[in-house]
Structure formats: C-alpha cells, structure tokens
Amino acid sequence: MLSIGEVEQLTGLSSRQIRYYEKVGLIHFQRTPGGQRRFVKHDIETLLRIRQLLDEEGDIEGVKRRMEREQQLGQKPLSDQERAKLTSLYPVSDRPGLLRALQGIEVPKPKRPSK
DNA sequence: ATTCTTACA
DNA sequence: TGTAAGTA
C-alpha cells in the first residue's frame, strides 16, 4: 500500500488535488485505523484518469457523468499503450516507477542505510 | 517527519 | 488550488 506522499511523487498530482477528488466523490480510498489514506494500484489509475477527464470535460460534473457511463459499460484492463498515454499527460518525477506501479510491480522505496 | 481537516490572502 | 494552523 502507498501513502499519499508516495502517490504525489508518483503521479505528479498534489495531495490537495487527490483529497479534493475524493471529497467530491469521484473516488474513495482505504483508510488506516488512524485515518490516513492508503492507495493501491487501481487508485493510481483512477487518479490519472480523473485528471485526464478533467482536462477533457472541464468540470467535475462532466467527469462524474463520464465515469458513471464507463461503469455501466464495464471497465477494461489498461493496455500498455493506454498506460503510456495516461502517464505522459503531465510531468511526473519518476515515470519508470509510475509505469511499474501501474503494472503491479513493487516500487522500491528509499530505506535506512543498511551498510 | 507525515498526514489530516478546516479555513482563507 | 496553494498553504497555514493545530492535531493525531
């Protein structure tokens, strides 16, 4: 599971935007007992999708309508091509890491110097 | 050090 | 949307 800080770093979205999308009901996240948000692969995809739709639609309502319609039609797994497009719309700090995260590969996090 | 919510130049 | 404030 990823923290909001890691998701910011990974997607280039601000924590403000992430929390706002949740606030308006476009997405919801799991919470730790302490109330902190926890993110999984699918959340990353959805967050990037929201930003993409927001650009196309202009407002939150437009995004909501399109997301509802997609739900009714059923979601399909992202192709490598769609993944590439989704991650190249905006600058991200670690695109290779983002691509791996979207494919479910564990992204190594900087840890304590063990040597 | 991080994250969370609320409020506002 | 950014950011400051006061917590957990």
# chains A, B, ... in the order shown; residues from 1 in each chain; ligands from 1

$ interface_residues --of "chain B" --to "chain A" --cutoff "9 Å" --atoms "only C-alpha atoms (C1' of nucleotides)" --output "PyMOL selection string"
chain B and resi 2-4

$ write_last_selection --atoms "C-alpha atoms (C1' of nucleotides)" --output "PDB file, in the first residue's frame"
ATOM      1  C1'  DT B   2       3.922  12.811   7.630  1.00  0.00           C
ATOM      2  C1'  DT B   3      -0.801  13.145   7.103  1.00  0.00           C
ATOM      3  C1'  DC B   4      -5.409  15.013   8.334  1.00  0.00           C
TER       4       DC B   4
END

$ interface_residues --of "chain C" --to "chain A" --cutoff "12 Å" --atoms "only C-alpha atoms (C1' of nucleotides)" --output "PyMOL selection string"
chain C and resi 1-3+7-8

$ write_last_selection --atoms "C-alpha atoms (C1' of nucleotides)" --output "PDB file, in the first residue's frame"
ATOM      1  C1'  DT C   1      -5.550  25.209  -5.836  1.00  0.00           C
ATOM      2  C1'  DG C   2      -1.918  26.558  -2.528  1.00  0.00           C
ATOM      3  C1'  DT C   3      -0.912  26.967   2.061  1.00  0.00           C
ATOM      4  C1'  DT C   7      -3.601  17.558  15.519  1.00  0.00           C
ATOM      5  C1'  DA C   8      -3.007  12.650  15.527  1.00  0.00           C
TER       6       DA C   8
END

$ atom_distance --atom1 "atom CA of A:Arg69" --atom2 "atom CA of A:Met1"
28.5 Å

$ atom_distance --atom1 "atom CA of A:Thr32" --atom2 "atom CA of A:Gln75"
27.2 Å

$ residues_around --residues "stretch 84-100 of chain A" --least-positions-apart "5" --cutoff "10 Å" --atoms "only C-alpha atoms (C1' of nucleotides)" --output "PyMOL selection string"
chain A and resi 7-13+41+44-45+48-49+51-52+55+78-79+105-108

$ write_last_selection --atoms "N, CA, C and O atoms" --output "PDB file, in the first residue's frame"
ATOM      1  N   VAL A   7       2.167   8.727  -3.571  1.00  0.00           N
ATOM      2  CA  VAL A   7       1.290   8.905  -4.727  1.00  0.00           C
ATOM      3  C   VAL A   7       1.503  10.275  -5.371  1.00  0.00           C
ATOM      4  O   VAL A   7       1.453  10.409  -6.591  1.00  0.00           O
ATOM      5  N   GLU A   8       1.776  11.260  -4.550  1.00  0.00           N
ATOM      6  CA  GLU A   8       2.057  12.600  -5.073  1.00  0.00           C
ATOM      7  C   GLU A   8       3.294  12.515  -5.954  1.00  0.00           C
ATOM      8  O   GLU A   8       3.331  12.995  -7.079  1.00  0.00           O
ATOM      9  N   GLN A   9       4.320  11.921  -5.381  1.00  0.00           N
ATOM     10  CA  GLN A   9       5.599  11.773  -6.050  1.00  0.00           C
ATOM     11  C   GLN A   9       5.457  10.982  -7.350  1.00  0.00           C
ATOM     12  O   GLN A   9       6.045  11.301  -8.365  1.00  0.00           O
ATOM     13  N   LEU A  10       4.614   9.955  -7.289  1.00  0.00           N
ATOM     14  CA  LEU A  10       4.435   9.045  -8.412  1.00  0.00           C
ATOM     15  C   LEU A  10       3.581   9.632  -9.535  1.00  0.00           C
ATOM     16  O   LEU A  10       3.876   9.441 -10.711  1.00  0.00           O
ATOM     17  N   THR A  11       2.529  10.344  -9.173  1.00  0.00           N
ATOM     18  CA  THR A  11       1.605  10.843 -10.195  1.00  0.00           C
ATOM     19  C   THR A  11       1.814  12.303 -10.580  1.00  0.00           C
ATOM     20  O   THR A  11       1.344  12.742 -11.618  1.00  0.00           O
ATOM     21  N   GLY A  12       2.494  13.056  -9.733  1.00  0.00           N
ATOM     22  CA  GLY A  12       2.666  14.460 -10.040  1.00  0.00           C
ATOM     23  C   GLY A  12       1.467  15.279  -9.604  1.00  0.00           C
ATOM     24  O   GLY A  12       1.443  16.494  -9.759  1.00  0.00           O
ATOM     25  N   LEU A  13       0.450  14.594  -9.032  1.00  0.00           N
ATOM     26  CA  LEU A  13      -0.740  15.291  -8.544  1.00  0.00           C
ATOM     27  C   LEU A  13      -0.410  15.805  -7.148  1.00  0.00           C
ATOM     28  O   LEU A  13       0.376  15.182  -6.439  1.00  0.00           O
ATOM     29  N   LYS A  41      -2.754   0.016  -6.569  1.00  0.00           N
ATOM     30  CA  LYS A  41      -2.551   0.227  -7.998  1.00  0.00           C
ATOM     31  C   LYS A  41      -3.749   0.863  -8.712  1.00  0.00           C
ATOM     32  O   LYS A  41      -3.612   1.839  -9.428  1.00  0.00           O
ATOM     33  N   ILE A  44      -4.198   4.561  -8.388  1.00  0.00           N
ATOM     34  CA  ILE A  44      -3.284   5.366  -9.194  1.00  0.00           C
ATOM     35  C   ILE A  44      -3.880   5.551 -10.589  1.00  0.00           C
ATOM     36  O   ILE A  44      -3.891   6.651 -11.138  1.00  0.00           O
ATOM     37  N   GLU A  45      -4.405   4.451 -11.136  1.00  0.00           N
ATOM     38  CA  GLU A  45      -5.002   4.521 -12.477  1.00  0.00           C
ATOM     39  C   GLU A  45      -6.177   5.483 -12.488  1.00  0.00           C
ATOM     40  O   GLU A  45      -6.317   6.310 -13.381  1.00  0.00           O
ATOM     41  N   LEU A  48      -5.171   9.224 -12.254  1.00  0.00           N
ATOM     42  CA  LEU A  48      -4.669   9.760 -13.522  1.00  0.00           C
ATOM     43  C   LEU A  48      -5.815   9.909 -14.516  1.00  0.00           C
ATOM     44  O   LEU A  48      -5.860  10.842 -15.307  1.00  0.00           O
ATOM     45  N   ARG A  49      -6.766   8.980 -14.450  1.00  0.00           N
ATOM     46  CA  ARG A  49      -7.931   9.010 -15.344  1.00  0.00           C
ATOM     47  C   ARG A  49      -8.768  10.243 -15.049  1.00  0.00           C
ATOM     48  O   ARG A  49      -9.251  10.927 -15.947  1.00  0.00           O
ATOM     49  N   ARG A  51      -7.754  13.105 -13.782  1.00  0.00           N
ATOM     50  CA  ARG A  51      -7.079  14.306 -14.274  1.00  0.00           C
ATOM     51  C   ARG A  51      -7.232  14.407 -15.792  1.00  0.00           C
ATOM     52  O   ARG A  51      -7.427  15.469 -16.347  1.00  0.00           O
ATOM     53  N   GLN A  52      -7.182  13.247 -16.473  1.00  0.00           N
ATOM     54  CA  GLN A  52      -7.334  13.215 -17.919  1.00  0.00           C
ATOM     55  C   GLN A  52      -8.736  13.701 -18.304  1.00  0.00           C
ATOM     56  O   GLN A  52      -8.884  14.550 -19.174  1.00  0.00           O
ATOM     57  N   ASP A  55      -9.436  17.419 -17.809  1.00  0.00           N
ATOM     58  CA  ASP A  55      -8.897  18.230 -18.901  1.00  0.00           C
ATOM     59  C   ASP A  55      -9.873  18.252 -20.073  1.00  0.00           C
ATOM     60  O   ASP A  55     -10.098  19.290 -20.689  1.00  0.00           O
ATOM     61  N   LEU A  78      -6.222  -1.808 -18.631  1.00  0.00           N
ATOM     62  CA  LEU A  78      -5.465  -0.892 -19.483  1.00  0.00           C
ATOM     63  C   LEU A  78      -4.412  -1.607 -20.321  1.00  0.00           C
ATOM     64  O   LEU A  78      -3.735  -2.498 -19.853  1.00  0.00           O
ATOM     65  N   SER A  79      -4.311  -1.188 -21.565  1.00  0.00           N
ATOM     66  CA  SER A  79      -3.300  -1.762 -22.439  1.00  0.00           C
ATOM     67  C   SER A  79      -2.003  -1.011 -22.187  1.00  0.00           C
ATOM     68  O   SER A  79      -2.021   0.061 -21.590  1.00  0.00           O
ATOM     69  N   ILE A 105       3.937  -3.835 -10.041  1.00  0.00           N
ATOM     70  CA  ILE A 105       5.260  -4.198  -9.563  1.00  0.00           C
ATOM     71  C   ILE A 105       5.627  -3.327  -8.366  1.00  0.00           C
ATOM     72  O   ILE A 105       5.437  -2.129  -8.407  1.00  0.00           O
ATOM     73  N   GLU A 106       6.127  -3.953  -7.323  1.00  0.00           N
ATOM     74  CA  GLU A 106       6.502  -3.211  -6.131  1.00  0.00           C
ATOM     75  C   GLU A 106       7.588  -2.201  -6.436  1.00  0.00           C
ATOM     76  O   GLU A 106       8.610  -2.536  -7.021  1.00  0.00           O
ATOM     77  N   VAL A 107       7.344  -0.954  -6.078  1.00  0.00           N
ATOM     78  CA  VAL A 107       8.329   0.092  -6.300  1.00  0.00           C
ATOM     79  C   VAL A 107       9.199   0.225  -5.058  1.00  0.00           C
ATOM     80  O   VAL A 107       8.695   0.516  -3.978  1.00  0.00           O
ATOM     81  N   PRO A 108      10.490  -0.011  -5.212  1.00  0.00           N
ATOM     82  CA  PRO A 108      11.401   0.080  -4.079  1.00  0.00           C
ATOM     83  C   PRO A 108      11.430   1.491  -3.495  1.00  0.00           C
ATOM     84  O   PRO A 108      11.503   2.466  -4.226  1.00  0.00           O
TER      85      PRO A 108
END

$ atom_distance --atom1 "atom CA of A:Glu82" --atom2 "atom CA of A:Glu57"
18.7 Å

$ residues_around --residues "C:DA5" --least-positions-apart "3" --cutoff "12 Å" --atoms "only C-alpha atoms (C1' of nucleotides)" --output "list in words"
DC4, DT5, DT6, DA7 and DC8 of chain B

$ write_last_selection --atoms "all heavy atoms" --output "compact mmCIF listing (two decimals), in the first residue's frame"
# COMPACT_ATOMS: atom_id res chain seq x y z
P DC B 4 -3.68 11.80 4.58
OP1 DC B 4 -4.55 10.67 4.26
OP2 DC B 4 -3.26 12.75 3.54
O5' DC B 4 -4.36 12.61 5.78
C5' DC B 4 -4.64 11.94 7.01
C4' DC B 4 -5.65 12.74 7.79
O4' DC B 4 -4.92 13.72 8.58
C3' DC B 4 -6.57 13.52 6.86
O3' DC B 4 -7.94 13.41 7.15
C2' DC B 4 -6.12 14.96 7.00
C1' DC B 4 -5.41 15.01 8.33
N1 DC B 4 -4.26 15.93 8.23
C2 DC B 4 -4.13 16.96 9.16
O2 DC B 4 -4.92 17.00 10.11
N3 DC B 4 -3.14 17.87 9.01
C4 DC B 4 -2.30 17.78 7.97
N4 DC B 4 -1.35 18.71 7.85
C5 DC B 4 -2.40 16.72 7.02
C6 DC B 4 -3.39 15.83 7.19
P DT B 5 -8.99 14.08 6.14
OP1 DT B 5 -10.15 13.19 6.01
OP2 DT B 5 -8.26 14.52 4.93
O5' DT B 5 -9.44 15.39 6.93
C5' DT B 5 -9.87 15.27 8.29
C4' DT B 5 -10.18 16.63 8.87
O4' DT B 5 -8.95 17.38 9.03
C3' DT B 5 -11.11 17.48 8.00
O3' DT B 5 -12.13 18.03 8.81
C2' DT B 5 -10.21 18.57 7.42
C1' DT B 5 -9.07 18.67 8.44
N1 DT B 5 -7.77 19.01 7.83
C2 DT B 5 -7.05 20.06 8.36
O2 DT B 5 -7.42 20.72 9.30
N3 DT B 5 -5.86 20.31 7.73
C4 DT B 5 -5.31 19.64 6.65
O4 DT B 5 -4.23 19.96 6.19
C5 DT B 5 -6.12 18.55 6.14
C7 DT B 5 -5.64 17.76 4.96
C6 DT B 5 -7.30 18.29 6.75
P DT B 6 -13.35 18.85 8.13
OP1 DT B 6 -14.56 18.60 8.92
OP2 DT B 6 -13.34 18.60 6.68
O5' DT B 6 -12.87 20.34 8.38
C5' DT B 6 -12.40 20.71 9.67
C4' DT B 6 -11.96 22.16 9.69
O4' DT B 6 -10.60 22.28 9.17
C3' DT B 6 -12.82 23.10 8.83
O3' DT B 6 -13.06 24.29 9.58
C2' DT B 6 -11.97 23.38 7.61
C1' DT B 6 -10.56 23.28 8.18
N1 DT B 6 -9.50 22.91 7.22
C2 DT B 6 -8.28 23.56 7.31
O2 DT B 6 -8.04 24.43 8.12
N3 DT B 6 -7.34 23.15 6.40
C4 DT B 6 -7.49 22.18 5.43
O4 DT B 6 -6.56 21.90 4.68
C5 DT B 6 -8.79 21.53 5.39
C7 DT B 6 -9.06 20.49 4.37
C6 DT B 6 -9.72 21.93 6.29
P DA B 7 -14.08 25.42 8.96
OP1 DA B 7 -14.89 25.92 10.10
OP2 DA B 7 -14.75 24.92 7.74
O5' DA B 7 -13.06 26.57 8.53
C5' DA B 7 -12.05 26.96 9.45
C4' DA B 7 -11.16 28.00 8.79
O4' DA B 7 -10.20 27.35 7.92
C3' DA B 7 -11.93 28.99 7.91
O3' DA B 7 -11.34 30.29 8.06
C2' DA B 7 -11.70 28.46 6.50
C1' DA B 7 -10.29 27.90 6.62
N9 DA B 7 -9.95 26.85 5.67
C8 DA B 7 -10.75 25.85 5.17
N7 DA B 7 -10.15 25.06 4.32
C5 DA B 7 -8.86 25.57 4.24
C6 DA B 7 -7.72 25.18 3.50
N6 DA B 7 -7.70 24.15 2.67
N1 DA B 7 -6.59 25.91 3.66
C2 DA B 7 -6.61 26.95 4.49
N3 DA B 7 -7.61 27.41 5.25
C4 DA B 7 -8.72 26.67 5.06
P DC B 8 -12.17 31.58 7.51
OP1 DC B 8 -12.35 32.49 8.67
OP2 DC B 8 -13.34 31.16 6.71
O5' DC B 8 -11.09 32.21 6.54
C5' DC B 8 -9.76 32.42 6.98
C4' DC B 8 -8.88 32.75 5.79
O4' DC B 8 -8.59 31.55 5.04
C3' DC B 8 -9.52 33.72 4.79
O3' DC B 8 -8.49 34.57 4.28
C2' DC B 8 -10.03 32.80 3.69
C1' DC B 8 -8.90 31.77 3.67
N1 DC B 8 -9.19 30.47 3.04
C2 DC B 8 -8.13 29.80 2.42
O2 DC B 8 -7.00 30.28 2.46
N3 DC B 8 -8.38 28.62 1.80
C4 DC B 8 -9.62 28.11 1.79
N4 DC B 8 -9.81 26.95 1.16
C5 DC B 8 -10.70 28.77 2.42
C6 DC B 8 -10.45 29.94 3.02

$ select_by_dssp --residues "chain A" --states "helix (DSSP H, G or I)" --output "tab-separated table (two decimals) with N, CA, C and O atoms, in the first residue's frame"
chain	number	residue	atom	x	y	z
A	4	ILE	N	0.02	8.85	0.75
A	4	ILE	CA	-0.34	9.96	-0.13
A	4	ILE	C	0.91	10.67	-0.65
A	4	ILE	O	0.94	11.18	-1.76
A	5	GLY	N	1.95	10.67	0.17
A	5	GLY	CA	3.20	11.30	-0.26
A	5	GLY	C	3.80	10.57	-1.44
A	5	GLY	O	4.32	11.19	-2.37
A	6	GLU	N	3.74	9.24	-1.39
A	6	GLU	CA	4.30	8.45	-2.47
A	6	GLU	C	3.48	8.62	-3.74
A	6	GLU	O	4.02	8.64	-4.85
A	7	VAL	N	2.17	8.73	-3.57
A	7	VAL	CA	1.29	8.90	-4.73
A	7	VAL	C	1.50	10.28	-5.37
A	7	VAL	O	1.45	10.41	-6.59
A	8	GLU	N	1.78	11.26	-4.55
A	8	GLU	CA	2.06	12.60	-5.07
A	8	GLU	C	3.29	12.52	-5.95
A	8	GLU	O	3.33	12.99	-7.08
A	9	GLN	N	4.32	11.92	-5.38
A	9	GLN	CA	5.60	11.77	-6.05
A	9	GLN	C	5.46	10.98	-7.35
A	9	GLN	O	6.04	11.30	-8.36
A	10	LEU	N	4.61	9.95	-7.29
A	10	LEU	CA	4.43	9.05	-8.41
A	10	LEU	C	3.58	9.63	-9.53
A	10	LEU	O	3.88	9.44	-10.71
A	11	THR	N	2.53	10.34	-9.17
A	11	THR	CA	1.60	10.84	-10.20
A	11	THR	C	1.81	12.30	-10.58
A	11	THR	O	1.34	12.74	-11.62
A	15	SER	N	-1.29	16.67	-3.17
A	15	SER	CA	-2.14	15.99	-2.17
A	15	SER	C	-3.48	16.72	-2.13
A	15	SER	O	-4.52	16.12	-1.86
A	16	ARG	N	-3.45	17.98	-2.39
A	16	ARG	CA	-4.66	18.82	-2.40
A	16	ARG	C	-5.64	18.27	-3.44
A	16	ARG	O	-6.83	18.13	-3.18
A	17	GLN	N	-5.13	18.03	-4.64
A	17	GLN	CA	-5.98	17.52	-5.72
A	17	GLN	C	-6.50	16.13	-5.40
A	17	GLN	O	-7.68	15.83	-5.59
A	18	ILE	N	-5.63	15.28	-4.88
A	18	ILE	CA	-6.03	13.92	-4.53
A	18	ILE	C	-7.16	13.94	-3.52
A	18	ILE	O	-8.17	13.25	-3.67
A	19	ARG	N	-7.01	14.75	-2.49
A	19	ARG	CA	-8.05	14.83	-1.44
A	19	ARG	C	-9.33	15.44	-1.99
A	19	ARG	O	-10.44	15.07	-1.59
A	20	TYR	N	-9.18	16.38	-2.90
A	20	TYR	CA	-10.35	17.03	-3.48
A	20	TYR	C	-11.17	16.05	-4.32
A	20	TYR	O	-12.39	16.02	-4.24
A	21	TYR	N	-10.52	15.25	-5.13
A	21	TYR	CA	-11.23	14.29	-5.97
A	21	TYR	C	-12.03	13.33	-5.08
A	21	TYR	O	-13.11	12.89	-5.43
A	22	GLU	N	-11.48	13.03	-3.93
A	22	GLU	CA	-12.17	12.14	-3.00
A	22	GLU	C	-13.34	12.89	-2.38
A	22	GLU	O	-14.45	12.37	-2.27
A	23	LYS	N	-13.11	14.13	-2.03
A	23	LYS	CA	-14.12	14.97	-1.39
A	23	LYS	C	-15.38	15.10	-2.23
A	23	LYS	O	-16.50	15.02	-1.72
A	41	LYS	N	-2.75	0.02	-6.57
A	41	LYS	CA	-2.55	0.23	-8.00
A	41	LYS	C	-3.75	0.86	-8.71
A	41	LYS	O	-3.61	1.84	-9.43
A	42	HIS	N	-4.92	0.30	-8.49
A	42	HIS	CA	-6.12	0.81	-9.16
A	42	HIS	C	-6.40	2.27	-8.85
A	42	HIS	O	-6.92	3.01	-9.68
A	43	ASP	N	-6.04	2.68	-7.63
A	43	ASP	CA	-6.27	4.08	-7.25
A	43	ASP	C	-5.41	5.00	-8.11
A	43	ASP	O	-5.85	6.09	-8.50
A	44	ILE	N	-4.20	4.56	-8.39
A	44	ILE	CA	-3.28	5.37	-9.19
A	44	ILE	C	-3.88	5.55	-10.59
A	44	ILE	O	-3.89	6.65	-11.14
A	45	GLU	N	-4.40	4.45	-11.14
A	45	GLU	CA	-5.00	4.52	-12.48
A	45	GLU	C	-6.18	5.48	-12.49
A	45	GLU	O	-6.32	6.31	-13.38
A	46	THR	N	-7.03	5.36	-11.48
A	46	THR	CA	-8.21	6.22	-11.40
A	46	THR	C	-7.85	7.69	-11.24
A	46	THR	O	-8.45	8.55	-11.87
A	47	LEU	N	-6.86	7.96	-10.41
A	47	LEU	CA	-6.44	9.35	-10.21
A	47	LEU	C	-5.96	9.98	-11.51
A	47	LEU	O	-6.32	11.11	-11.84
A	48	LEU	N	-5.17	9.22	-12.25
A	48	LEU	CA	-4.67	9.76	-13.52
A	48	LEU	C	-5.81	9.91	-14.52
A	48	LEU	O	-5.86	10.84	-15.31
A	49	ARG	N	-6.77	8.98	-14.45
A	49	ARG	CA	-7.93	9.01	-15.34
A	49	ARG	C	-8.77	10.24	-15.05
A	49	ARG	O	-9.25	10.93	-15.95
A	50	ILE	N	-8.93	10.56	-13.78
A	50	ILE	CA	-9.70	11.73	-13.38
A	50	ILE	C	-9.06	13.00	-13.92
A	50	ILE	O	-9.75	13.86	-14.47
A	51	ARG	N	-7.75	13.11	-13.78
A	51	ARG	CA	-7.08	14.31	-14.27
A	51	ARG	C	-7.23	14.41	-15.79
A	51	ARG	O	-7.43	15.47	-16.35
A	52	GLN	N	-7.18	13.25	-16.47
A	52	GLN	CA	-7.33	13.21	-17.92
A	52	GLN	C	-8.74	13.70	-18.30
A	52	GLN	O	-8.88	14.55	-19.17
A	53	LEU	N	-9.76	13.16	-17.63
A	53	LEU	CA	-11.14	13.54	-17.93
A	53	LEU	C	-11.42	14.99	-17.56
A	53	LEU	O	-12.20	15.68	-18.22
A	54	LEU	N	-10.79	15.46	-16.49
A	54	LEU	CA	-10.99	16.84	-16.07
A	54	LEU	C	-10.51	17.79	-17.15
A	54	LEU	O	-11.11	18.84	-17.39
A	55	ASP	N	-9.44	17.42	-17.81
A	55	ASP	CA	-8.90	18.23	-18.90
A	55	ASP	C	-9.87	18.25	-20.07
A	55	ASP	O	-10.10	19.29	-20.69
A	56	GLU	N	-10.46	17.08	-20.35
A	56	GLU	CA	-11.37	16.96	-21.49
A	56	GLU	C	-12.74	17.58	-21.21
A	56	GLU	O	-13.31	18.25	-22.07
A	57	GLU	N	-13.26	17.33	-20.01
A	57	GLU	CA	-14.60	17.81	-19.67
A	57	GLU	C	-14.64	19.24	-19.12
A	57	GLU	O	-15.63	19.93	-19.27
A	60	ILE	N	-15.93	19.05	-12.76
A	60	ILE	CA	-16.14	17.81	-12.01
A	60	ILE	C	-17.39	17.07	-12.46
A	60	ILE	O	-17.40	15.85	-12.55
A	61	GLU	N	-18.47	17.80	-12.72
A	61	GLU	CA	-19.71	17.15	-13.15
A	61	GLU	C	-19.52	16.35	-14.43
A	61	GLU	O	-20.05	15.26	-14.58
A	62	GLY	N	-18.75	16.92	-15.34
A	62	GLY	CA	-18.50	16.22	-16.59
A	62	GLY	C	-17.74	14.93	-16.34
A	62	GLY	O	-18.03	13.90	-16.95
A	63	VAL	N	-16.81	15.00	-15.43
A	63	VAL	CA	-16.02	13.82	-15.09
A	63	VAL	C	-16.92	12.76	-14.48
A	63	VAL	O	-16.84	11.58	-14.82
A	64	LYS	N	-17.82	13.18	-13.59
A	64	LYS	CA	-18.74	12.25	-12.94
A	64	LYS	C	-19.60	11.53	-13.97
A	64	LYS	O	-19.77	10.32	-13.93
A	65	ARG	N	-20.16	12.31	-14.89
A	65	ARG	CA	-21.03	11.72	-15.91
A	65	ARG	C	-20.29	10.66	-16.72
A	65	ARG	O	-20.78	9.57	-16.93
A	66	ARG	N	-19.09	11.01	-17.18
A	66	ARG	CA	-18.33	10.05	-18.00
A	66	ARG	C	-17.91	8.82	-17.22
A	66	ARG	O	-17.89	7.72	-17.75
A	67	MET	N	-17.58	9.00	-15.94
A	67	MET	CA	-17.18	7.85	-15.15
A	67	MET	C	-18.35	6.92	-14.89
A	67	MET	O	-18.22	5.71	-14.88
A	68	GLU	N	-19.55	7.50	-14.71
A	68	GLU	CA	-20.75	6.68	-14.50
A	68	GLU	C	-21.02	5.86	-15.75
A	68	GLU	O	-21.32	4.68	-15.68
A	69	ARG	N	-20.92	6.52	-16.90
A	69	ARG	CA	-21.20	5.85	-18.17
A	69	ARG	C	-20.22	4.69	-18.38
A	69	ARG	O	-20.61	3.62	-18.81
A	70	GLU	N	-18.98	4.94	-18.01
A	70	GLU	CA	-17.97	3.89	-18.18
A	70	GLU	C	-18.25	2.70	-17.27
A	70	GLU	O	-17.98	1.56	-17.60
A	71	GLN	N	-18.80	3.00	-16.09
A	71	GLN	CA	-19.12	1.94	-15.15
A	71	GLN	C	-20.19	1.04	-15.72
A	71	GLN	O	-20.14	-0.17	-15.62
A	72	GLN	N	-21.20	1.69	-16.34
A	72	GLN	CA	-22.31	0.93	-16.92
A	72	GLN	C	-21.83	0.07	-18.08
A	72	GLN	O	-22.34	-1.02	-18.31
A	73	LEU	N	-20.83	0.58	-18.80
A	73	LEU	CA	-20.32	-0.18	-19.94
A	73	LEU	C	-19.32	-1.25	-19.50
A	73	LEU	O	-19.06	-2.19	-20.23
A	80	ASP	N	-0.89	-1.56	-22.63
A	80	ASP	CA	0.39	-0.89	-22.44
A	80	ASP	C	0.34	0.49	-23.08
A	80	ASP	O	0.89	1.45	-22.58
A	81	GLN	N	-0.36	0.56	-24.21
A	81	GLN	CA	-0.47	1.83	-24.92
A	81	GLN	C	-1.26	2.87	-24.14
A	81	GLN	O	-0.85	4.02	-24.02
A	82	GLU	N	-2.39	2.42	-23.57
A	82	GLU	CA	-3.20	3.35	-22.79
A	82	GLU	C	-2.43	3.81	-21.57
A	82	GLU	O	-2.53	4.96	-21.14
A	83	ARG	N	-1.66	2.88	-21.01
A	83	ARG	CA	-0.88	3.18	-19.82
A	83	ARG	C	0.16	4.26	-20.15
A	83	ARG	O	0.37	5.20	-19.40
A	84	ALA	N	0.77	4.11	-21.30
A	84	ALA	CA	1.79	5.07	-21.72
A	84	ALA	C	1.17	6.46	-21.89
A	84	ALA	O	1.72	7.45	-21.43
A	85	LYS	N	0.00	6.50	-22.50
A	85	LYS	CA	-0.66	7.78	-22.73
A	85	LYS	C	-1.07	8.42	-21.42
A	85	LYS	O	-0.87	9.61	-21.19
A	86	LEU	N	-1.63	7.59	-20.54
A	86	LEU	CA	-2.09	8.08	-19.24
A	86	LEU	C	-0.96	8.68	-18.41
A	86	LEU	O	-1.15	9.62	-17.67
A	95	ARG	N	8.65	8.54	-13.88
A	95	ARG	CA	7.78	7.83	-14.82
A	95	ARG	C	8.03	6.33	-14.86
A	95	ARG	O	7.09	5.55	-14.87
A	96	PRO	N	9.27	5.91	-14.88
A	96	PRO	CA	9.51	4.46	-14.88
A	96	PRO	C	8.86	3.81	-13.67
A	96	PRO	O	8.25	2.74	-13.76
A	97	GLY	N	8.98	4.47	-12.52
A	97	GLY	CA	8.39	3.93	-11.29
A	97	GLY	C	6.88	3.91	-11.40
A	97	GLY	O	6.23	2.96	-10.95
A	98	LEU	N	6.32	4.94	-12.00
A	98	LEU	CA	4.87	5.00	-12.16
A	98	LEU	C	4.39	3.87	-13.06
A	98	LEU	O	3.41	3.20	-12.76
A	99	LEU	N	5.09	3.64	-14.15
A	99	LEU	CA	4.70	2.55	-15.06
A	99	LEU	C	4.73	1.22	-14.34
A	99	LEU	O	3.82	0.41	-14.48
A	100	ARG	N	5.75	1.01	-13.52
A	100	ARG	CA	5.85	-0.25	-12.79
A	100	ARG	C	4.72	-0.38	-11.79
A	100	ARG	O	4.12	-1.44	-11.65
A	101	ALA	N	4.42	0.75	-11.13
A	101	ALA	CA	3.35	0.72	-10.14
A	101	ALA	C	2.03	0.36	-10.80
A	101	ALA	O	1.23	-0.41	-10.26
A	102	LEU	N	1.79	0.88	-11.99
A	102	LEU	CA	0.55	0.61	-12.70
A	102	LEU	C	0.48	-0.84	-13.18
A	102	LEU	O	-0.58	-1.34	-13.50

$ decode --residues "stretch 6-13 of chain A" --atoms "N, CA, C and O atoms" --output "compact mmCIF listing (two decimals), in the first residue's frame"
# COMPACT_ATOMS: atom_id res chain seq x y z
N GLU A 6 3.74 9.24 -1.39
CA GLU A 6 4.30 8.45 -2.47
C GLU A 6 3.48 8.62 -3.74
O GLU A 6 4.02 8.64 -4.85
N VAL A 7 2.17 8.73 -3.57
CA VAL A 7 1.29 8.90 -4.73
C VAL A 7 1.50 10.28 -5.37
O VAL A 7 1.45 10.41 -6.59
N GLU A 8 1.78 11.26 -4.55
CA GLU A 8 2.06 12.60 -5.07
C GLU A 8 3.29 12.52 -5.95
O GLU A 8 3.33 12.99 -7.08
N GLN A 9 4.32 11.92 -5.38
CA GLN A 9 5.60 11.77 -6.05
C GLN A 9 5.46 10.98 -7.35
O GLN A 9 6.04 11.30 -8.36
N LEU A 10 4.61 9.95 -7.29
CA LEU A 10 4.43 9.05 -8.41
C LEU A 10 3.58 9.63 -9.53
O LEU A 10 3.88 9.44 -10.71
N THR A 11 2.53 10.34 -9.17
CA THR A 11 1.60 10.84 -10.20
C THR A 11 1.81 12.30 -10.58
O THR A 11 1.34 12.74 -11.62
N GLY A 12 2.49 13.06 -9.73
CA GLY A 12 2.67 14.46 -10.04
C GLY A 12 1.47 15.28 -9.60
O GLY A 12 1.44 16.49 -9.76
N LEU A 13 0.45 14.59 -9.03
CA LEU A 13 -0.74 15.29 -8.54
C LEU A 13 -0.41 15.80 -7.15
O LEU A 13 0.38 15.18 -6.44
